[in-house]
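First the structure, in the form of structure tokens, and then the observations on it.
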There are 2 protein chains.
Amino acid sequence: MNKKCVVVYSGGMDSFTLLHRCILGYGAQNILTLGFRYGQKHIREMGFARSVCNKLSIERREIDLLNVFNAASIGLSSSLTSENVNVPEGHYAALNMTLTVVPGRNTIMLAIAMAVAQEIGADSVYYRAHAGDHTIYPDCRSSYIRAMDMVFTEATESAVELNAPFQYWSKGEILVYGLRDLGLKPEDYANTYTCYNGNVTPCGKCGACTERAEAFAFSGAVDPTAVLPTV
Amino acid sequence: MNKKCVVVYSGGMDSFTLLHRCILGYGAQNILTLGFRYGQKHIREMGFARSVCNKLSIERREIDLLNVFNAASIGLSSSLTSENVNVPEGHYAALNMTLTVVPGRNTIMLAIAMAVAQEIGADSVYYRAHAGDHTIYPDCRSSYIRAMDMVFTEATESAVELNAPFQYWSKGEILVYGLRDLGLKPEDYANTYTCYNGNVTPCGKCGACTERAEAFAFSGAVDPTAVLPTV
């Protein structure tokens with residue numbers, strides 16, 4: 001029996017690259033991807049993820065956490081989910097980017113991914129956390145990933161592990177890895193979506209757009225999405 | 001400002017005792033309890049928890065995880081949630097009790113509790129795991145609790161901690177603690193519900209009923225619930 005894995009796949013460029021790494025290691029038929037709705041303004045990303053999975057015949061389950069977040073009153077103060085808070089502009093390192101944190105979101109998603117992996121007999125969950133997120137998002141740091149992996153080990157009696165192969169890399173390095181080592185082409189990244197504001201045409205100003213532009217600048221490739229945000 | 005805490009309160013006798021410990025430490029007005037629906041046959045426990053919170057003027061949020069579990073296909077093989085699997089009879093230590101495990105359930109619930117605690121500015125989540133569950137439920141063991149507490153520390157930057165004060169105690173010792181140290185009376189435990197089959201009259205045969213009977217036998221008190229299961 002082939003090994004199976006679960007990939008938390010939002011539809012952004014990092015998890016798109018991660019998915020392709022997993023295709024190389026596991027084969028598309030042994031991958032299950034998970035997507036989560038939690039009230040994010042950039043729900044448009046979900047359609048990109050679904051379309052990629054359809055094209056590659058990869059199993060996908062989409063989980064609606066919106067009722068849970070509403071019942072628990074989670075995410076009310078985050079700009080990613082609340083209509084009352086604007087998505088801040090500029091670079092992630094800036095303090096106002098903490099407005100894009102949804103408390104507990106990643107831990108809830110990873111806990112569900114762990115359960116799904118256990119149910120289908122997968123040995124790993126793949127998570128796209130990367131070094132560029134460390135300043136603002138505690139649950140993307142290596143210390144968090146180590147702790148969560150220990151939870152996986154204990155809760156599943158070592159059946160499932162948490163893998164975050166990009167945890168020490170910048171977004172630019174992930175893109176370079178995709179282009180150079182996974183054989184992806186710049187135009188393949190037209191199948192990814194980034195903007196936190198969820199516009200059809202990316203705003204080019206939010207933290208996510210800013211970092212995407214920086215990543216492409218770092219790689220030397222040109223972003224195939226219609227409008228290029230200015231760095 | 002007083003300290004606040006979140007209590008995962010199912011309506012069973014252990015979390016009932018835990019709630020009263022927290023009332024002593026925090027005051028009823030500083031407690032928020034969480035209950036979870038995940039398709040459990042013993043959903044009757046939820047009504048008991050709600051009623052206790054109403055009586056004591058304790059805030060409660062009830063979270064419906066059923067759609068999440070369905071969309072993710074979690075819990076299909078557990079006797080607690082699946083109509084196709086009968087709840088096994090007898091003592092928890094027996095191997096067939098693994099049928100009562102719902103993979104990932106506790107990690108998902110604790111992750112949500114962590115997020116809620118962070119949102120309301122609570123410093124602690126209280127979890128009723130006890131030593132009697134260690135054999136069958138990996139996510140009730142101290143090694144798991146330590147790992148999950150580390151996740152709380154990392155994800156919330158030390159704002160929220162996970163407390164499981166009963167982790168080294170048997171169910172009987174928890175009951176004795178409630179009766180002797182918290183001033184609860186045996187008849188107060190009529191406000192708790194235990195049976196995994198969810199019958200109005202507890203079945204007296206499932207693992208949960210068996211352990212409840214053993215706990216009362218250990219304490220020397222008489223279980224006030226209508227029908228006593230035979231030990």
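Identifiers in the structure tokens: chain A, B, ... in order shown; residue index from 1 per chain; ligand index from 1 in order shown.
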
query: What residues in chain B have any atom no more than 9 Å from chain A when counting only C-alpha atoms, and can you write them as a ChimeraX atom specification?
result: /B:34,61-65,67-77,102-116,118-119,137-141,143-157

Nearest candidate to Ile31 in chain B (options B:Asn86, B:Asn2, B:Ser78, B:Ser219; using only C-alpha atoms):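 Of B:Asn86, B:Asn2, B:Ser78, B:Ser219, the one nearest Ile31 in chain B is B:Asn2, counting only C-alpha atoms.
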
message: What parts of range 4-231 of chain A does DSSP call strand (DSSP E or B)? I'd like the answer as a list in words.
response: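 Restricting range 4-231 of chain A to strand (DSSP E or B) produces Cys5, Val6, Val7, Val8, Ile31, Leu32, Thr33, Leu34, Gly35, Phe36, Arg37, Glu59, Arg60, Arg61, Glu62, Ile63, Asp64, Glu89, Ser124, Val125, Tyr126, Glu161, Leu162, Asn163 and Cys206 of chain A.
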
- prompt: CA of Tyr126 in chain A to CA of Ile23 in chain A: how many Å, to one decimal?
  reply: 11.7 Å

task: Using CA of Cys195 in chain B and CA of Ala208 in chain B as the two end points, give the distance in Å to one decimal.
output: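 Interatomic distance, CA of Cys195 in chain B to CA of Ala208 in chain B: 5.6 Å.
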
message: For range 174-178 of chain B, find every residue with an atom within 8 Å (counting only C-alpha atoms), except residues of its own chain fewer than 3 positions away, and show them as JSON, numbers by chain.
response: {"B": [13, 14, 17, 20, 166, 169, 170, 171, 181, 182, 183, 184, 215, 216, 219]}

What does the file look like for those residues with N, CA and C atoms, as a PDB file, in the first residue's frame?
```
ATOM      1  N   MET B  13     -19.848  13.940  35.022  1.00  0.00           N
ATOM      2  CA  MET B  13     -19.522  14.220  36.416  1.00  0.00           C
ATOM      3  C   MET B  13     -18.109  14.789  36.605  1.00  0.00           C
ATOM      4  N   ASP B  14     -17.183  14.442  35.728  1.00  0.00           N
ATOM      5  CA  ASP B  14     -15.817  14.963  35.883  1.00  0.00           C
ATOM      6  C   ASP B  14     -15.765  16.455  35.556  1.00  0.00           C
ATOM      7  N   THR B  17     -17.460  18.502  38.211  1.00  0.00           N
ATOM      8  CA  THR B  17     -16.575  18.736  39.360  1.00  0.00           C
ATOM      9  C   THR B  17     -15.536  19.804  39.008  1.00  0.00           C
ATOM     10  N   HIS B  20     -16.917  23.231  39.200  1.00  0.00           N
ATOM     11  CA  HIS B  20     -17.034  23.750  40.569  1.00  0.00           C
ATOM     12  C   HIS B  20     -15.683  24.134  41.158  1.00  0.00           C
ATOM     13  N   PHE B 166      -7.039  17.120  36.891  1.00  0.00           N
ATOM     14  CA  PHE B 166      -7.417  15.756  37.279  1.00  0.00           C
ATOM     15  C   PHE B 166      -6.621  14.693  36.525  1.00  0.00           C
ATOM     16  N   TRP B 169      -5.620  11.650  38.457  1.00  0.00           N
ATOM     17  CA  TRP B 169      -6.603  11.085  39.379  1.00  0.00           C
ATOM     18  C   TRP B 169      -7.524  10.104  38.661  1.00  0.00           C
ATOM     19  N   SER B 170      -8.057   9.165  39.435  1.00  0.00           N
ATOM     20  CA  SER B 170      -9.122   8.305  38.917  1.00  0.00           C
ATOM     21  C   SER B 170     -10.454   9.052  39.015  1.00  0.00           C
ATOM     22  N   LYS B 171     -11.441   8.522  38.331  1.00  0.00           N
ATOM     23  CA  LYS B 171     -12.779   9.118  38.390  1.00  0.00           C
ATOM     24  C   LYS B 171     -13.299   9.117  39.833  1.00  0.00           C
ATOM     25  N   ASP B 181     -13.828  18.215  49.209  1.00  0.00           N
ATOM     26  CA  ASP B 181     -13.112  19.492  49.194  1.00  0.00           C
ATOM     27  C   ASP B 181     -13.912  20.635  48.571  1.00  0.00           C
ATOM     28  N   LEU B 182     -14.828  20.311  47.682  1.00  0.00           N
ATOM     29  CA  LEU B 182     -15.598  21.380  47.025  1.00  0.00           C
ATOM     30  C   LEU B 182     -16.974  21.559  47.655  1.00  0.00           C
ATOM     31  N   GLY B 183     -17.306  20.719  48.630  1.00  0.00           N
ATOM     32  CA  GLY B 183     -18.587  20.891  49.322  1.00  0.00           C
ATOM     33  C   GLY B 183     -19.790  20.460  48.502  1.00  0.00           C
ATOM     34  N   LEU B 184     -19.573  19.684  47.442  1.00  0.00           N
ATOM     35  CA  LEU B 184     -20.717  19.175  46.680  1.00  0.00           C
ATOM     36  C   LEU B 184     -21.362  18.013  47.444  1.00  0.00           C
ATOM     37  N   ALA B 215     -16.883   4.723  40.412  1.00  0.00           N
ATOM     38  CA  ALA B 215     -16.483   5.955  41.097  1.00  0.00           C
ATOM     39  C   ALA B 215     -17.329   6.158  42.353  1.00  0.00           C
ATOM     40  N   PHE B 216     -18.640   5.932  42.221  1.00  0.00           N
ATOM     41  CA  PHE B 216     -19.498   6.091  43.403  1.00  0.00           C
ATOM     42  C   PHE B 216     -19.178   5.035  44.460  1.00  0.00           C
ATOM     43  N   SER B 219     -16.181   6.151  46.301  1.00  0.00           N
ATOM     44  CA  SER B 219     -16.395   7.296  47.197  1.00  0.00           C
ATOM     45  C   SER B 219     -17.219   6.924  48.425  1.00  0.00           C
TER      46      SER B 219
END
```

task: Choose the residue, out of A:Leu56, A:Leu162, A:Thr81, A:Thr100, that has the smallest atom-to-atom separation from Tyr127 in chain A; count only C-alpha atoms.
output: A:Leu162

- request: Grab the CA of Ala129 in chain B to CA of Gly172 in chain B distance for me, in Å with one decimal place.
  value: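 Going from CA of Ala129 in chain B over to CA of Gly172 in chain B, I get 13.2 Å.
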